[in-house]
$ cat query.pdb   # PDB, C-alpha atoms, pLDDT in the B column
MODEL        1
ATOM      1  CA  MET A   1      74.398 102.937 112.151  1.00 44.00           C
ATOM      2  CA  THR A   2      75.278 104.284 108.726  1.00 45.00           C
ATOM      3  CA  SER A   3      74.801 102.314 105.571  1.00 46.00           C
ATOM      4  CA  PRO A   4      77.696 101.844 103.150  1.00 46.00           C
ATOM      5  CA  SER A   5      78.069 104.382 100.381  1.00 48.00           C
ATOM      6  CA  PRO A   6      77.230 103.305  96.822  1.00 46.00           C
ATOM      7  CA  GLU A   7      80.944 103.239  95.924  1.00 49.00           C
ATOM      8  CA  GLN A   8      81.738 100.928  98.843  1.00 48.00           C
ATOM      9  CA  GLU A   9      80.284  97.593  97.801  1.00 52.00           C
ATOM     10  CA  TYR A  10      82.063  95.535 100.443  1.00 54.00           C
ATOM     11  CA  ALA A  11      83.979  95.788 103.669  1.00 60.00           C
ATOM     12  CA  ASP A  12      87.760  95.589 103.623  1.00 85.00           C
ATOM     13  CA  ARG A  13      88.919  92.063 102.935  1.00 90.00           C
ATOM     14  CA  ARG A  14      91.645  90.399 104.967  1.00 94.00           C
ATOM     15  CA  TYR A  15      93.747  87.460 103.863  1.00 94.00           C
ATOM     16  CA  ARG A  16      95.937  85.482 106.275  1.00 94.00           C
ATOM     17  CA  SER A  17      97.458  82.033 106.399  1.00 92.00           C
ATOM     18  CA  PRO A  18      95.678  79.880 109.010  1.00 93.00           C
ATOM     19  CA  ALA A  19      98.524  77.361 108.930  1.00 93.00           C
ATOM     20  CA  GLY A  20     101.055  80.143 109.512  1.00 94.00           C
ATOM     21  CA  ILE A  21      99.095  81.436 112.493  1.00 96.00           C
ATOM     22  CA  ALA A  22      98.753  77.958 114.004  1.00 97.00           C
ATOM     23  CA  GLY A  23     102.450  77.248 113.487  1.00 97.00           C
ATOM     24  CA  GLY A  24     103.370  80.596 115.036  1.00 97.00           C
ATOM     25  CA  VAL A  25     101.277  79.991 118.125  1.00 98.00           C
ATOM     26  CA  LEU A  26     102.878  76.560 118.587  1.00 98.00           C
ATOM     27  CA  MET A  27     106.401  77.942 118.119  1.00 98.00           C
ATOM     28  CA  LEU A  28     105.730  80.775 120.575  1.00 98.00           C
ATOM     29  CA  ALA A  29     104.439  78.273 123.126  1.00 98.00           C
ATOM     30  CA  LEU A  30     107.540  76.104 122.656  1.00 97.00           C
ATOM     31  CA  ALA A  31     109.914  79.089 122.868  1.00 97.00           C
ATOM     32  CA  GLY A  32     108.121  80.367 125.964  1.00 96.00           C
ATOM     33  CA  TRP A  33     108.251  76.964 127.612  1.00 97.00           C
ATOM     34  CA  LEU A  34     111.935  76.305 126.886  1.00 97.00           C
ATOM     35  CA  GLY A  35     113.095  79.899 127.405  1.00 95.00           C
ATOM     36  CA  GLY A  36     110.980  80.356 130.508  1.00 95.00           C
ATOM     37  CA  ASP A  37     112.279  77.120 131.992  1.00 96.00           C
ATOM     38  CA  ALA A  38     115.885  78.142 131.314  1.00 96.00           C
ATOM     39  CA  ALA A  39     115.254  81.612 132.775  1.00 95.00           C
ATOM     40  CA  VAL A  40     113.648  80.242 135.954  1.00 96.00           C
ATOM     41  CA  ARG A  41     115.742  77.130 136.600  1.00 96.00           C
ATOM     42  CA  GLY A  42     119.029  78.075 134.952  1.00 94.00           C
ATOM     43  CA  GLU A  43     122.205  78.907 136.839  1.00 94.00           C
ATOM     44  CA  GLY A  44     124.924  81.443 136.214  1.00 92.00           C
ATOM     45  CA  SER A  45     124.418  83.380 132.996  1.00 92.00           C
ATOM     46  CA  THR A  46     121.873  80.891 131.597  1.00 94.00           C
ATOM     47  CA  PRO A  47     118.780  82.884 132.677  1.00 96.00           C
ATOM     48  CA  TRP A  48     120.126  86.051 131.049  1.00 95.00           C
ATOM     49  CA  LEU A  49     121.079  84.180 127.873  1.00 95.00           C
ATOM     50  CA  ALA A  50     117.588  82.663 127.761  1.00 96.00           C
ATOM     51  CA  LEU A  51     115.911  86.051 128.140  1.00 96.00           C
ATOM     52  CA  ALA A  52     118.162  87.637 125.498  1.00 96.00           C
ATOM     53  CA  GLY A  53     117.482  84.687 123.202  1.00 96.00           C
ATOM     54  CA  LEU A  54     113.736  85.093 123.716  1.00 97.00           C
ATOM     55  CA  LEU A  55     114.005  88.825 122.999  1.00 96.00           C
ATOM     56  CA  CYS A  56     115.655  87.946 119.680  1.00 96.00           C
ATOM     57  CA  VAL A  57     113.540  84.929 118.673  1.00 97.00           C
ATOM     58  CA  VAL A  58     109.999  85.944 119.682  1.00 97.00           C
ATOM     59  CA  PRO A  59     109.797  88.981 117.342  1.00 97.00           C
ATOM     60  CA  LEU A  60     111.123  86.843 114.481  1.00 97.00           C
ATOM     61  CA  ILE A  61     108.547  84.114 115.110  1.00 97.00           C
ATOM     62  CA  ILE A  62     105.814  86.748 115.174  1.00 97.00           C
ATOM     63  CA  ALA A  63     107.194  88.393 112.022  1.00 97.00           C
ATOM     64  CA  PHE A  64     107.199  85.214 109.947  1.00 97.00           C
ATOM     65  CA  THR A  65     104.013  83.579 111.217  1.00 96.00           C
ATOM     66  CA  LEU A  66     101.512  85.961 112.840  1.00 96.00           C
ATOM     67  CA  ARG A  67     102.333  89.295 111.182  1.00 96.00           C
ATOM     68  CA  PRO A  68     101.865  88.549 107.448  1.00 97.00           C
ATOM     69  CA  ALA A  69      98.493  89.758 106.192  1.00 96.00           C
ATOM     70  CA  VAL A  70      96.947  91.305 103.098  1.00 96.00           C
ATOM     71  CA  PHE A  71      94.194  93.907 103.454  1.00 95.00           C
ATOM     72  CA  ALA A  72      92.202  94.846 100.361  1.00 94.00           C
ATOM     73  CA  GLY A  73      90.043  97.946 100.591  1.00 92.00           C
ATOM     74  CA  ALA A  74      88.193 100.062  98.092  1.00 89.00           C
ATOM     75  CA  SER A  75      91.140 102.382  97.445  1.00 92.00           C
ATOM     76  CA  ARG A  76      94.264 100.405  98.271  1.00 93.00           C
ATOM     77  CA  LEU A  77      95.982  97.114  98.958  1.00 94.00           C
ATOM     78  CA  LEU A  78      97.995  96.898 102.175  1.00 95.00           C
ATOM     79  CA  VAL A  79     100.559  94.107 102.302  1.00 96.00           C
ATOM     80  CA  ARG A  80     102.090  93.321 105.702  1.00 96.00           C
ATOM     81  CA  ASN A  81     105.149  91.112 105.239  1.00 96.00           C
ATOM     82  CA  PRO A  82     107.638  90.042 107.946  1.00 97.00           C
ATOM     83  CA  PHE A  83     109.892  93.094 107.765  1.00 97.00           C
ATOM     84  CA  ARG A  84     107.977  95.585 105.596  1.00 96.00           C
ATOM     85  CA  THR A  85     104.515  97.073 105.155  1.00 96.00           C
ATOM     86  CA  ILE A  86     103.662  98.014 101.581  1.00 96.00           C
ATOM     87  CA  THR A  87     100.736 100.311 100.756  1.00 95.00           C
ATOM     88  CA  LEU A  88      99.680 100.006  97.126  1.00 95.00           C
ATOM     89  CA  PRO A  89      96.918 102.256  95.785  1.00 95.00           C
ATOM     90  CA  TRP A  90      94.883 100.262  93.254  1.00 94.00           C
ATOM     91  CA  GLY A  91      95.862 102.714  90.520  1.00 93.00           C
ATOM     92  CA  ALA A  92      99.524 101.785  91.000  1.00 94.00           C
ATOM     93  CA  VAL A  93      98.951  98.010  90.818  1.00 95.00           C
ATOM     94  CA  ASP A  94      99.928  96.561  87.434  1.00 94.00           C
ATOM     95  CA  ALA A  95      99.054  92.932  88.171  1.00 94.00           C
ATOM     96  CA  VAL A  96      98.502  90.341  90.875  1.00 94.00           C
ATOM     97  CA  ARG A  97      99.770  86.872  90.058  1.00 92.00           C
ATOM     98  CA  ALA A  98     100.560  83.499  91.582  1.00 89.00           C
ATOM     99  CA  GLY A  99     103.310  81.279  90.251  1.00 86.00           C
ATOM    100  CA  TYR A 100     105.466  79.612  92.855  1.00 89.00           C
ATOM    101  CA  SER A 101     104.550  82.511  95.172  1.00 90.00           C
ATOM    102  CA  SER A 102     101.849  85.175  95.248  1.00 93.00           C
ATOM    103  CA  GLU A 103     103.045  88.546  94.000  1.00 94.00           C
ATOM    104  CA  VAL A 104     101.860  92.083  93.279  1.00 96.00           C
ATOM    105  CA  LEU A 105     103.547  94.005  90.478  1.00 95.00           C
ATOM    106  CA  ALA A 106     103.491  97.783  90.819  1.00 94.00           C
ATOM    107  CA  GLY A 107     105.715 100.519  89.452  1.00 87.00           C
ATOM    108  CA  GLY A 108     108.296  98.128  88.038  1.00 90.00           C
ATOM    109  CA  SER A 109     108.734  96.336  91.385  1.00 95.00           C
ATOM    110  CA  THR A 110     107.491  92.969  92.585  1.00 95.00           C
ATOM    111  CA  TYR A 111     106.178  92.522  96.122  1.00 96.00           C
ATOM    112  CA  GLN A 112     105.591  89.092  97.682  1.00 95.00           C
ATOM    113  CA  LEU A 113     102.325  88.305  99.441  1.00 95.00           C
ATOM    114  CA  TRP A 114     103.561  86.240 102.399  1.00 94.00           C
ATOM    115  CA  ALA A 115     100.030  85.864 103.738  1.00 93.00           C
ATOM    116  CA  VAL A 116      98.841  84.071 100.570  1.00 92.00           C
ATOM    117  CA  PRO A 117     101.008  80.951 100.324  1.00 88.00           C
ATOM    118  CA  VAL A 118     100.886  78.947  97.099  1.00 86.00           C
ATOM    119  CA  SER A 119     100.488  75.206  97.508  1.00 81.00           C
ATOM    120  CA  LEU A 120     101.495  73.317  94.391  1.00 80.00           C
ATOM    121  CA  ARG A 121      99.896  70.197  95.843  1.00 82.00           C
ATOM    122  CA  LYS A 122      96.512  71.937  96.222  1.00 77.00           C
ATOM    123  CA  ARG A 123      96.899  73.428  92.758  1.00 73.00           C
ATOM    124  CA  LYS A 124      97.451  69.946  91.249  1.00 78.00           C
ATOM    125  CA  ARG A 125      94.511  68.561  93.222  1.00 78.00           C
ATOM    126  CA  ALA A 126      92.295  71.394  91.966  1.00 73.00           C
ATOM    127  CA  ALA A 127      93.441  70.791  88.383  1.00 73.00           C
ATOM    128  CA  ARG A 128      92.499  67.108  88.676  1.00 77.00           C
ATOM    129  CA  GLY A 129      89.124  68.068  90.182  1.00 73.00           C
ATOM    130  CA  GLY A 130      88.048  70.042  87.138  1.00 65.00           C
ATOM    131  CA  ALA A 131      87.904  73.574  85.870  1.00 56.00           C
ATOM    132  CA  ALA A 132      85.242  74.691  88.369  1.00 55.00           C
ATOM    133  CA  GLU A 133      87.587  74.222  91.317  1.00 62.00           C
ATOM    134  CA  ALA A 134      90.661  76.409  91.999  1.00 79.00           C
ATOM    135  CA  ALA A 135      93.438  76.328  94.565  1.00 78.00           C
ATOM    136  CA  PRO A 136      92.882  78.759  97.493  1.00 82.00           C
ATOM    137  CA  ALA A 137      95.862  80.957  96.560  1.00 85.00           C
ATOM    138  CA  ASP A 138      94.662  81.160  92.957  1.00 85.00           C
ATOM    139  CA  GLN A 139      91.167  82.163  94.134  1.00 89.00           C
ATOM    140  CA  THR A 140      92.628  84.896  96.346  1.00 92.00           C
ATOM    141  CA  VAL A 141      94.875  86.185  93.558  1.00 92.00           C
ATOM    142  CA  ALA A 142      91.919  86.237  91.152  1.00 92.00           C
ATOM    143  CA  GLU A 143      89.876  88.242  93.692  1.00 93.00           C
ATOM    144  CA  LEU A 144      92.723  90.718  94.207  1.00 94.00           C
ATOM    145  CA  GLN A 145      93.285  91.090  90.447  1.00 93.00           C
ATOM    146  CA  GLU A 146      89.564  91.719  89.941  1.00 93.00           C
ATOM    147  CA  LEU A 147      89.596  94.348  92.736  1.00 93.00           C
ATOM    148  CA  ALA A 148      92.641  96.006  91.156  1.00 93.00           C
ATOM    149  CA  GLU A 149      90.951  96.200  87.754  1.00 93.00           C
ATOM    150  CA  ARG A 150      87.634  97.428  89.191  1.00 93.00           C
ATOM    151  CA  ASN A 151      89.105 100.068  91.517  1.00 91.00           C
ATOM    152  CA  ALA A 152      92.132 101.328  89.535  1.00 90.00           C
ATOM    153  CA  SER A 153      90.235 104.278  88.072  1.00 90.00           C
ATOM    154  CA  ARG A 154      88.835 105.524  91.400  1.00 91.00           C
ATOM    155  CA  GLU A 155      89.978 108.995  92.372  1.00 91.00           C
ATOM    156  CA  ASP A 156      90.971 107.902  95.891  1.00 90.00           C
ATOM    157  CA  ALA A 157      92.902 104.899  94.516  1.00 89.00           C
ATOM    158  CA  GLN A 158      95.691 106.959  92.949  1.00 93.00           C
ATOM    159  CA  GLY A 159      99.137 107.604  94.349  1.00 92.00           C
ATOM    160  CA  ASP A 160     102.553 106.107  94.825  1.00 94.00           C
ATOM    161  CA  VAL A 161     103.547 102.847  96.443  1.00 95.00           C
ATOM    162  CA  VAL A 162     104.730 103.392 100.026  1.00 95.00           C
ATOM    163  CA  VAL A 163     107.109 100.921 101.655  1.00 96.00           C
ATOM    164  CA  ARG A 164     107.745 101.131 105.410  1.00 97.00           C
ATOM    165  CA  TRP A 165     110.190  98.988 107.332  1.00 97.00           C
ATOM    166  CA  ALA A 166     108.789  97.165 110.379  1.00 96.00           C
ATOM    167  CA  TYR A 167     111.038  98.609 113.083  1.00 97.00           C
ATOM    168  CA  GLU A 168     108.687  97.174 115.709  1.00 95.00           C
ATOM    169  CA  VAL A 169     110.042  93.754 114.666  1.00 96.00           C
ATOM    170  CA  LEU A 170     113.603  94.643 113.696  1.00 96.00           C
ATOM    171  CA  ALA A 171     114.499  96.680 116.815  1.00 97.00           C
ATOM    172  CA  PRO A 172     113.733  94.096 119.531  1.00 97.00           C
ATOM    173  CA  ALA A 173     115.203  91.259 117.469  1.00 97.00           C
ATOM    174  CA  GLY A 174     118.394  93.278 116.928  1.00 97.00           C
ATOM    175  CA  VAL A 175     118.640  94.279 120.592  1.00 97.00           C
ATOM    176  CA  GLY A 176     118.106  90.664 121.654  1.00 96.00           C
ATOM    177  CA  LEU A 177     120.802  89.455 119.249  1.00 97.00           C
ATOM    178  CA  VAL A 178     123.291  92.054 120.497  1.00 97.00           C
ATOM    179  CA  LEU A 179     122.542  91.204 124.138  1.00 96.00           C
ATOM    180  CA  PHE A 180     122.866  87.479 123.420  1.00 95.00           C
ATOM    181  CA  VAL A 181     126.261  87.935 121.715  1.00 96.00           C
ATOM    182  CA  VAL A 182     127.532  90.247 124.475  1.00 96.00           C
ATOM    183  CA  LEU A 183     126.426  87.788 127.162  1.00 94.00           C
ATOM    184  CA  LEU A 184     128.142  84.934 125.316  1.00 93.00           C
ATOM    185  CA  VAL A 185     131.391  86.900 124.966  1.00 93.00           C
ATOM    186  CA  VAL A 186     131.369  88.172 128.557  1.00 91.00           C
ATOM    187  CA  GLY A 187     130.625  84.717 129.672  1.00 78.00           C
TER     188      GLY A 187
ENDMDL
END
$ encode --input "query.pdb" --output "structure tokens"
Amino acid sequence: MTSPSPEQEYADRRYRSPAGIAGGVLMLALAGWLGGDAAVRGEGSTPWLALAGLLCVVPLIIAFTLRPAVFAGASRLLVRNPFRTITLPWGAVDAVRAGYSSEVLAGGSTYQLWAVPVSLRKRKRAARGGAAEAAPADQTVAELQELAERNASREDAQGDVVVRWAYEVLAPAGVGLVLFVVLLVVG
């Protein structure tokens, strides 16, 4: 087993929304139960409509609940949102902030951090609790801002922001929607 290099002070950090994951699992279970029941017990075109509906809905549920994540490494920040994956080298990050949502500013653009939801209720509770306590989203944003400032000058943290569309989500959802509409029209 190799020990970490002196430049690597920590392992990659991962930020996700536990409530989003729990909600996604529950919605997938409900969709599977209702869609599966309609596919097995339905008559006529109902089973095919149910399967097409599941093909459309399941990727969207995954995209909005299970997929969002933020990965912070020594050289870059990787933001996985529902329909896009954004790779931001630390040198390109101008700021990380949390207002009504968590955001990264880089190269004149603003990117949302879906995996770091801001709770105004928790923020108010933390403000009442005193200055030593902070809301979870504010703590995460402070950590990311500190990582950006510390790692921005690294040689391997330079480069352009890369945005990639999540075709693995968009394609099945689009195919399912087209099939559902065709099945409805055909009847």
$ closest_residue --input "query.pdb" --among "A:Ser119, A:Gln112, A:Thr65, A:Gln158" --to "A:Val93" --atoms "all atoms listed in the file"
A:Gln158
$ resolve_selection --input "query.pdb" --expression "the PyMOL selection byres ((chain A and resi 95-108) around 9)" --output "list in words"
Leu88, Ala92, Val93, Asp94, Ser109, Thr110, Tyr111, Gln112, Leu113, Trp114, Ala115, Val116, Pro117, Val118, Ser119, Leu120, Ala137, Asp138, Val141, Ala142, Leu144, Gln145, Ala148, Glu149, Asp160 and Val161 of chain A
$ residues_around --input "query.pdb" --residues "A:Ile61" --least-positions-apart "2" --cutoff "12 Å" --atoms "all atoms listed in the file" --output "count of residues only"
30
$ closest_residue --input "query.pdb" --among "A:Arg121, A:Arg14, A:Arg154, A:Arg41" --to "A:Ala69" --atoms "all atoms listed in the file"
A:Arg14
$ resolve_selection --input "query.pdb" --expression "the PyMOL selection byres ((chain A and resi 77) around 7)" --output "list in words"
Phe71, Ala72, Gly73, Arg76, Leu78, Val79, Thr87, Leu88, Pro89 and Trp90 of chain A
$ write_last_selection --input "query.pdb" --atoms "C-alpha atoms" --output "PDB file, in the coordinates of the input"
ATOM      1  CA  PHE A  71      94.194  93.907 103.454  1.00 95.00           C
ATOM      2  CA  ALA A  72      92.202  94.846 100.361  1.00 94.00           C
ATOM      3  CA  GLY A  73      90.043  97.946 100.591  1.00 92.00           C
ATOM      4  CA  ARG A  76      94.264 100.405  98.271  1.00 93.00           C
ATOM      5  CA  LEU A  78      97.995  96.898 102.175  1.00 95.00           C
ATOM      6  CA  VAL A  79     100.559  94.107 102.302  1.00 96.00           C
ATOM      7  CA  THR A  87     100.736 100.311 100.756  1.00 95.00           C
ATOM      8  CA  LEU A  88      99.680 100.006  97.126  1.00 95.00           C
ATOM      9  CA  PRO A  89      96.918 102.256  95.785  1.00 95.00           C
ATOM     10  CA  TRP A  90      94.883 100.262  93.254  1.00 94.00           C
TER      11      TRP A  90
END
$ residues_around --input "query.pdb" --residues "A:Ala135" --least-positions-apart "5" --cutoff "6 Å" --atoms "all atoms listed in the file" --output "PyMOL selection string"
chain A and resi 122-123+126
$ atom_distance --input "query.pdb" --atom1 "atom CA of A:Gly174" --atom2 "atom CA of A:Leu49"
14.5 Å
$ atom_distance --input "query.pdb" --atom1 "atom CA of A:Thr140" --atom2 "atom CA of A:Val163"
22.2 Å
